[in-house]
Every structure is written in C-alpha cells, then in structure tokens.
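Shown next: query-v2.cif, given as mmCIF, C-alpha atoms.
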data_upload
#
loop_
_atom_site.group_PDB
_atom_site.id
_atom_site.type_symbol
_atom_site.label_atom_id
_atom_site.label_comp_id
_atom_site.auth_asym_id
_atom_site.auth_seq_id
_atom_site.Cartn_x
_atom_site.Cartn_y
_atom_site.Cartn_z
ATOM 1 C CA MET F 614 -14.094 25.260 -40.103
ATOM 2 C CA PRO F 615 -12.079 26.908 -37.294
ATOM 3 C CA PRO F 616 -13.808 29.511 -35.185
ATOM 4 C CA ARG F 617 -13.789 33.003 -36.575
ATOM 5 C CA LEU F 618 -11.570 34.277 -33.749
ATOM 6 C CA PHE F 619 -8.774 31.827 -34.613
ATOM 7 C CA ARG F 620 -8.917 32.742 -38.333
ATOM 8 C CA CYS F 621 -8.478 36.430 -37.455
ATOM 9 C CA TRP F 622 -5.266 35.875 -35.494
ATOM 10 C CA PRO F 623 -2.022 36.808 -37.220
ATOM 11 C CA PRO F 624 0.167 33.842 -38.228
ATOM 12 C CA ALA F 625 2.697 34.496 -35.448
ATOM 13 C CA LYS F 626 -0.022 34.314 -32.784
ATOM 14 C CA ARG F 627 -1.455 31.130 -34.323
ATOM 15 C CA PHE F 628 2.024 29.572 -34.331
ATOM 16 C CA ALA F 629 2.584 30.540 -30.659
ATOM 17 C CA TRP F 630 -0.780 29.026 -29.682
ATOM 18 C CA LEU F 631 -0.055 25.826 -31.596
ATOM 19 C CA ALA F 632 3.438 25.580 -30.032
ATOM 20 C CA PHE F 633 1.880 25.954 -26.575
ATOM 21 C CA LEU F 634 -0.608 23.144 -27.259
ATOM 22 C CA VAL F 635 2.116 20.813 -28.579
ATOM 23 C CA ALA F 636 4.373 21.574 -25.577
ATOM 24 C CA THR F 637 1.498 20.812 -23.226
ATOM 25 C CA LEU F 638 0.877 17.436 -24.855
ATOM 26 C CA ILE F 639 4.572 16.501 -24.928
ATOM 27 C CA ALA F 640 5.217 17.627 -21.318
ATOM 28 C CA PRO F 641 6.445 14.965 -18.898
ATOM 29 C CA SER F 642 3.870 12.397 -17.935
ATOM 30 C CA ARG F 643 4.731 12.834 -14.239
ATOM 31 C CA ALA F 644 2.597 15.539 -12.705
ATOM 32 C CA PHE F 645 4.159 18.126 -10.479
ATOM 33 C CA ALA F 646 1.725 17.370 -7.656
ATOM 34 C CA TRP F 647 1.397 19.036 -4.294
ATOM 35 C CA VAL F 648 2.199 17.154 -1.127
ATOM 36 C CA GLU F 649 0.623 17.799 2.230
ATOM 37 C CA SER F 650 1.806 15.829 5.224
ATOM 38 C CA HIS F 651 1.151 16.128 8.922
ATOM 39 C CA VAL F 652 2.744 14.344 11.873
ATOM 40 C CA ALA F 653 -0.171 13.069 13.925
ATOM 41 C CA ARG F 654 1.711 11.046 16.533
ATOM 42 C CA ASP F 655 5.226 10.233 17.707
ATOM 43 C CA ASP F 656 5.414 7.186 19.957
ATOM 44 C CA VAL F 657 8.896 7.136 21.492
ATOM 45 C CA ARG F 658 10.424 4.177 23.317
ATOM 46 C CA VAL F 659 13.619 4.879 25.263
ATOM 47 C CA SER F 660 15.433 1.792 26.575
ATOM 48 C CA VAL F 661 18.037 2.890 29.136
ATOM 49 C CA LEU F 662 20.877 0.475 29.955
ATOM 50 C CA SER F 663 22.773 0.383 33.262
ATOM 51 C CA ASP F 664 25.843 2.058 31.699
ATOM 52 C CA GLY F 665 23.813 5.196 30.835
ATOM 53 C CA THR F 666 23.423 4.504 27.117
ATOM 54 C CA ALA F 667 19.977 4.363 25.563
ATOM 55 C CA ARG F 668 18.293 3.095 22.426
ATOM 56 C CA VAL F 669 15.586 5.453 21.172
ATOM 57 C CA GLU F 670 12.847 4.313 18.772
ATOM 58 C CA HIS F 671 10.460 6.774 17.098
ATOM 59 C CA ARG F 672 7.246 5.408 15.545
ATOM 60 C CA VAL F 673 5.921 8.461 13.696
ATOM 61 C CA LEU F 674 2.369 8.454 12.299
ATOM 62 C CA LEU F 675 2.303 10.482 9.077
ATOM 63 C CA LEU F 676 -0.935 11.652 7.452
ATOM 64 C CA VAL F 677 -0.263 12.204 3.745
ATOM 65 C CA SER F 678 -2.525 13.920 1.214
ATOM 66 C CA GLY F 679 -1.577 14.295 -2.418
ATOM 67 C CA GLY F 680 1.868 12.986 -2.902
ATOM 68 C CA PRO F 681 4.189 11.418 -3.236
ATOM 69 C CA LEU F 682 6.014 12.274 0.007
ATOM 70 C CA THR F 683 9.664 11.407 -0.646
ATOM 71 C CA SER F 684 11.402 12.870 2.414
ATOM 72 C CA LEU F 685 10.950 14.339 5.862
ATOM 73 C CA THR F 686 13.135 15.886 8.564
ATOM 74 C CA ILE F 687 13.276 14.843 12.199
ATOM 75 C CA LYS F 688 14.659 17.845 14.077
ATOM 76 C CA GLY F 689 16.341 18.147 17.422
ATOM 77 C CA ILE F 690 17.370 14.638 18.413
ATOM 78 C CA ASP F 691 20.343 13.969 20.702
ATOM 79 C CA ALA F 692 23.607 15.567 19.522
ATOM 80 C CA ASP F 693 25.552 12.298 19.907
ATOM 81 C CA ALA F 694 22.967 10.148 18.124
ATOM 82 C CA GLU F 695 24.289 7.071 16.310
ATOM 83 C CA ILE F 696 21.695 6.209 13.680
ATOM 84 C CA GLU F 697 20.766 2.514 13.375
ATOM 85 C CA ALA F 698 20.230 0.900 9.995
ATOM 86 C CA GLY F 699 16.873 -0.605 9.102
ATOM 87 C CA ALA F 700 14.543 2.412 9.200
ATOM 88 C CA TYR F 701 11.310 1.885 7.242
ATOM 89 C CA VAL F 702 7.824 3.223 6.572
ATOM 90 C CA VAL F 703 4.654 1.097 6.260
ATOM 91 C CA PRO F 704 0.924 1.763 6.017
ATOM 92 C CA GLU F 705 -0.603 2.092 9.504
ATOM 93 C CA SER F 706 -2.629 -1.114 9.055
ATOM 94 C CA ALA F 707 0.577 -3.032 8.230
ATOM 95 C CA ASP F 708 2.280 -1.600 11.329
ATOM 96 C CA LYS F 709 -0.521 -3.064 13.451
ATOM 97 C CA SER F 710 0.026 -6.438 11.754
ATOM 98 C CA ALA F 711 3.770 -6.149 12.428
ATOM 99 C CA ALA F 712 2.951 -5.739 16.115
ATOM 100 C CA LEU F 713 1.335 -9.187 15.897
ATOM 101 C CA GLY F 714 4.631 -10.719 14.785
ATOM 102 C CA ARG F 715 4.695 -10.372 10.989
ATOM 103 C CA SER F 716 7.802 -8.892 9.421
ATOM 104 C CA ALA F 717 7.599 -5.316 8.142
ATOM 105 C CA VAL F 718 9.361 -6.442 4.956
ATOM 106 C CA ASP F 719 6.553 -8.941 4.295
ATOM 107 C CA LEU F 720 4.015 -6.153 4.731
ATOM 108 C CA GLY F 721 5.333 -3.990 1.882
ATOM 109 C CA SER F 722 7.546 -1.569 3.745
ATOM 110 C CA ASN F 723 9.621 1.136 2.072
ATOM 111 C CA ALA F 724 13.180 1.557 3.322
ATOM 112 C CA ILE F 725 14.244 4.961 4.601
ATOM 113 C CA GLU F 726 17.753 6.313 4.090
ATOM 114 C CA LEU F 727 18.798 8.412 7.092
ATOM 115 C CA VAL F 728 21.418 11.157 6.924
ATOM 116 C CA PRO F 729 22.323 12.852 10.233
ATOM 117 C CA LYS F 730 23.213 16.545 10.184
ATOM 118 C CA LYS F 731 24.954 18.083 13.204
ATOM 119 C CA ILE F 732 23.563 21.518 14.119
ATOM 120 C CA GLY F 733 25.086 24.097 16.500
ATOM 121 C CA GLY F 734 28.172 24.136 18.720
ATOM 122 C CA GLU F 735 28.852 22.410 22.051
ATOM 123 C CA ALA F 736 26.174 24.300 23.974
ATOM 124 C CA GLY F 737 22.787 23.609 22.451
ATOM 125 C CA ALA F 738 24.089 21.125 19.888
ATOM 126 C CA ARG F 739 21.599 18.806 18.271
ATOM 127 C CA THR F 740 21.264 16.451 15.330
ATOM 128 C CA ASP F 741 18.645 16.646 12.594
ATOM 129 C CA ILE F 742 17.863 13.561 10.521
ATOM 130 C CA GLU F 743 17.098 13.921 6.817
ATOM 131 C CA ALA F 744 14.975 10.863 5.971
ATOM 132 C CA THR F 745 14.583 9.932 2.288
ATOM 133 C CA ILE F 746 11.937 7.325 1.467
ATOM 134 C CA ALA F 747 13.040 4.725 -1.084
ATOM 135 C CA GLY F 748 11.271 4.227 -4.398
ATOM 136 C CA ARG F 749 8.564 6.666 -5.375
ATOM 137 C CA GLY F 750 7.809 7.663 -1.780
ATOM 138 C CA ILE F 751 4.387 7.339 -0.151
ATOM 139 C CA SER F 752 1.067 8.741 -1.365
ATOM 140 C CA ARG F 753 -2.268 9.406 0.326
ATOM 141 C CA GLY F 754 -2.992 7.659 3.565
ATOM 142 C CA ARG F 755 -1.765 6.947 7.073
ATOM 143 C CA PHE F 756 1.799 5.668 7.367
ATOM 144 C CA VAL F 757 4.113 4.789 10.256
ATOM 145 C CA ALA F 758 7.817 5.626 9.925
ATOM 146 C CA VAL F 759 10.145 3.732 12.286
ATOM 147 C CA VAL F 760 13.534 5.301 13.093
ATOM 148 C CA ARG F 761 16.022 4.111 15.734
ATOM 149 C CA TYR F 762 19.244 5.528 17.173
ATOM 150 C CA LYS F 763 21.564 5.117 20.147
ATOM 151 C CA THR F 764 22.691 7.875 22.501
ATOM 152 C CA ASN F 765 24.697 8.205 25.721
ATOM 153 C CA LEU F 766 22.431 9.896 28.260
ATOM 154 C CA LEU F 767 25.014 9.751 31.068
ATOM 155 C CA ALA F 768 27.810 11.409 29.054
ATOM 156 C CA SER F 769 25.501 14.165 27.787
ATOM 157 C CA GLY F 770 24.303 15.001 31.319
ATOM 158 C CA VAL F 771 20.696 14.046 30.638
ATOM 159 C CA LEU F 772 20.836 11.143 33.119
ATOM 160 C CA ARG F 773 22.078 11.793 36.654
ATOM 161 C CA ALA F 774 21.818 10.286 40.111
ATOM 162 C CA ASP F 775 19.120 11.715 42.351
ATOM 163 C CA GLY F 776 19.490 10.043 45.728
ATOM 164 C CA ALA F 777 18.612 6.363 45.485
ATOM 165 C CA SER F 778 17.083 6.811 42.031
ATOM 166 C CA ALA F 779 18.045 8.434 38.753
ATOM 167 C CA ARG F 780 16.643 11.466 36.983
ATOM 168 C CA ILE F 781 16.310 11.858 33.218
ATOM 169 C CA ASP F 782 15.807 15.319 31.679
ATOM 170 C CA TRP F 783 15.414 14.271 28.044
ATOM 171 C CA ILE F 784 13.881 16.319 25.233
ATOM 172 C CA GLY F 785 12.476 14.506 22.204
ATOM 173 C CA ALA F 786 12.334 15.519 18.563
ATOM 174 C CA GLU F 787 10.541 18.677 17.481
ATOM 175 C CA TRP F 788 8.093 18.847 14.582
ATOM 176 C CA ASP F 789 7.396 21.863 12.361
ATOM 177 C CA ASP F 790 3.633 21.451 12.286
ATOM 178 C CA GLY F 791 3.097 20.560 15.946
ATOM 179 C CA LEU F 792 1.959 17.219 17.226
ATOM 180 C CA GLU F 793 -1.485 15.883 18.011
ATOM 181 C CA THR F 794 -0.404 13.003 20.278
ATOM 182 C CA THR F 795 2.813 11.733 21.763
ATOM 183 C CA LYS F 796 3.621 8.823 24.017
ATOM 184 C CA LEU F 797 6.941 8.210 25.773
ATOM 185 C CA THR F 798 7.865 4.845 27.255
ATOM 186 C CA PHE F 799 10.987 4.222 29.365
#
Let me see the structure of the file written as structure tokens.
Amino acid sequence: MPPRLFRCWPPAKRFAWLAFLVATLIAPSRAFAWVESHVARDDVRVSVLSDGTARVEHRVLLLVSGGPLTSLTIKGIDADAEIEAGAYVVPESADKSAALGRSAVDLGSNAIELVPKKIGGEAGARTDIEATIAGRGISRGRFVAVVRYKTNLLASGVLRADGASARIDWIGAEWDDGLETTKLTF
C-alpha cells in the first residue's frame, strides 16, 4: 500500500511525480560529470638552429580529477608558430617508458588535434592552441601532453647578436591556473 502522503496527492501531482521518475530513469547513461585539471609542470625544450629558427617542444604534466578532460588551451605561444603533427597525451608512467625508447603509440597514447588561433595585431601578437584529445578524453590521473611547433626567433626579434654570443628573450606559454614547476632547455 502506498504511503498515506502519496495517496493524498491530487492526480495531477501524482502524474508529475511519476513523469519525473520515468524521465530520470530514461535520461542518458552518460553522466554530466565535473572535470578538474591542473597543469603541474611544463618542460620546454627549445632547439635553436644556426639560421635563427627553432623547434619548441612542450611536455605538459596534467593532473586530472573527475573527467573526462577532452580539451585544453595553450595560451601565448609564438605568433608565427607552425604547429607540427603528431601531438599526443599518455599517462605519466608511459611517458617515462617512452623516454627509455618505447614508442608512445605502443604505450596507449591518445592523439591530440591542434588548432592554432591567432590573437592580437602586429604588436603583442600571439597564438593560442586549442588542443582536443581524441576519443573519450582522459580521466583521473597524471598525464603528459606532448606538443611541438616551429618558430623563427631571428625574424621575430627574439634572437639577436650580443657581441660574440647571442641573446634570446623568449617568453613561453602562459597557464590559467599557474604552474608548479617549469624547466627550459636550450
């Protein structure tokens, strides 16, 4: 026998309650989950060639809670950046194995589609990269995203002669939530 409270409800209220219960059970099976991510580290390797061009590689350590994380934005890279194909994201443990010579593809990497977006005019111009992670994204854990691009440091005025040596005044990517650790290698 239904509880007394339910029997006292008018038919319209009972119908509304029943419709709500049915809608809840039929709702999509995919949960609308929250995603929390934090950039813990950005290891940057800049390889400068004698003609003033450079290849920049970002190895970004992402800490993900909840999930899935399906995209991220890398803000403020060089305005003339030419994005290289082959960006990927792997669990941190797999990235360490890749450093020992195993292929990232063999270690279960997810491809990343990169879309550059030019921001600003000539003075203060920059490029932001919208990175979309293939498949269902990444959920809970520590992941390393690897992104590479080429830039011309000499043409942009970042690289200039300083006596017998050269001087580089280069600014790396900026992150919305700050950065715990960064390492730059030339």
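The residue set within 9 Å of Glu787 (chain F), counting only C-alpha atoms and dropping same-chain residues fewer than 4 places from it, reads Ile687, Lys688, Gly689, Ile690, Gly791 and Leu792 of chain F.
Atom to atom, CA of Ser752 (chain F) and CA of Thr794 (chain F) stand 22.1 Å apart.
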Could you make a table, as JSON lines, of the residues of region 757-795 of chain F that have an atom within 12 Å of an atom of region 668-673 of chain F, each with its nearest atom pair and distance in Å to one decimal, counting all atoms listed in the file, in chain and number order?
{"residue": "F:Val757", "atom": "CA", "partner": "F:Val673", "partner_atom": "CA", "distance": 5.3}
{"residue": "F:Ala758", "atom": "CA", "partner": "F:Val673", "partner_atom": "CA", "distance": 5.1}
{"residue": "F:Val759", "atom": "CA", "partner": "F:Arg672", "partner_atom": "CA", "distance": 4.7}
{"residue": "F:Val760", "atom": "CA", "partner": "F:His671", "partner_atom": "CA", "distance": 5.3}
{"residue": "F:Arg761", "atom": "CA", "partner": "F:Glu670", "partner_atom": "CA", "distance": 4.4}
{"residue": "F:Tyr762", "atom": "CA", "partner": "F:Val669", "partner_atom": "CA", "distance": 5.4}
{"residue": "F:Lys763", "atom": "CA", "partner": "F:Arg668", "partner_atom": "CA", "distance": 4.5}
{"residue": "F:Thr764", "atom": "CA", "partner": "F:Arg668", "partner_atom": "CA", "distance": 6.5}
{"residue": "F:Asn765", "atom": "CA", "partner": "F:Arg668", "partner_atom": "CA", "distance": 8.8}
{"residue": "F:Leu766", "atom": "CA", "partner": "F:Arg668", "partner_atom": "CA", "distance": 9.9}
{"residue": "F:Trp783", "atom": "CA", "partner": "F:Val669", "partner_atom": "CA", "distance": 11.2}
{"residue": "F:Ile784", "atom": "CA", "partner": "F:Val669", "partner_atom": "CA", "distance": 11.7}
{"residue": "F:Gly785", "atom": "CA", "partner": "F:His671", "partner_atom": "CA", "distance": 9.5}
{"residue": "F:Ala786", "atom": "CA", "partner": "F:His671", "partner_atom": "CA", "distance": 9.1}
{"residue": "F:Glu787", "atom": "CA", "partner": "F:Val673", "partner_atom": "CA", "distance": 11.8}
{"residue": "F:Trp788", "atom": "CA", "partner": "F:Val673", "partner_atom": "CA", "distance": 10.6}
{"residue": "F:Leu792", "atom": "CA", "partner": "F:Val673", "partner_atom": "CA", "distance": 10.2}
{"residue": "F:Glu793", "atom": "CA", "partner": "F:Val673", "partner_atom": "CA", "distance": 11.3}
{"residue": "F:Thr794", "atom": "CA", "partner": "F:Val673", "partner_atom": "CA", "distance": 10.2}
{"residue": "F:Thr795", "atom": "CA", "partner": "F:Val673", "partner_atom": "CA", "distance": 9.2}
Residue with smallest distance to Glu726 (chain F) - pool F:Ala700, F:Ile751, F:Thr740, F:Ser706, counting only C-alpha atoms = F:Ala700
query = Could you state the separation of CA of Pro681 (chain F) and CA of Gly750 (chain F) in Å, given to one decimal place?
reply = 5.4 Å
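Note that CA of Gly754 (chain F) and CA of Trp647 (chain F) are 14.5 Å apart.
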query = Looking at F:Val661, F:Ile725, F:Ala625, F:Ile639, which one is nearest to Gly748 (chain F), with distances taken over all atoms listed in the file?
reply = F:Ile725
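Proximity to Val703 (chain F) at 7 Å, evaluated using only C-alpha atoms and with sequence-adjacent residues fewer than 2 positions away removed, yields F:Tyr701, F:Glu705, F:Ala707, F:Asp708, F:Gly721, F:Ser722, F:Asn723, F:Phe756, F:Val757, F:Ala758.
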message = Calculated over all atoms listed in the file, which of the candidates F:Leu767, F:Ala667, F:Leu727, F:Ala653 has the smallest distance to Lys796 (chain F)?
response = F:Ala653
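Nearest residue to Ala747 (chain F) among F:Ser663, F:Ala724, F:Leu674, F:Ala636 is F:Ala724, counting only C-alpha atoms.
The residue that comes closest to Ile746 (chain F), out of F:Ile781, F:Asp775, F:Lys626, F:Thr683 and on the basis of only C-alpha atoms, is F:Thr683.
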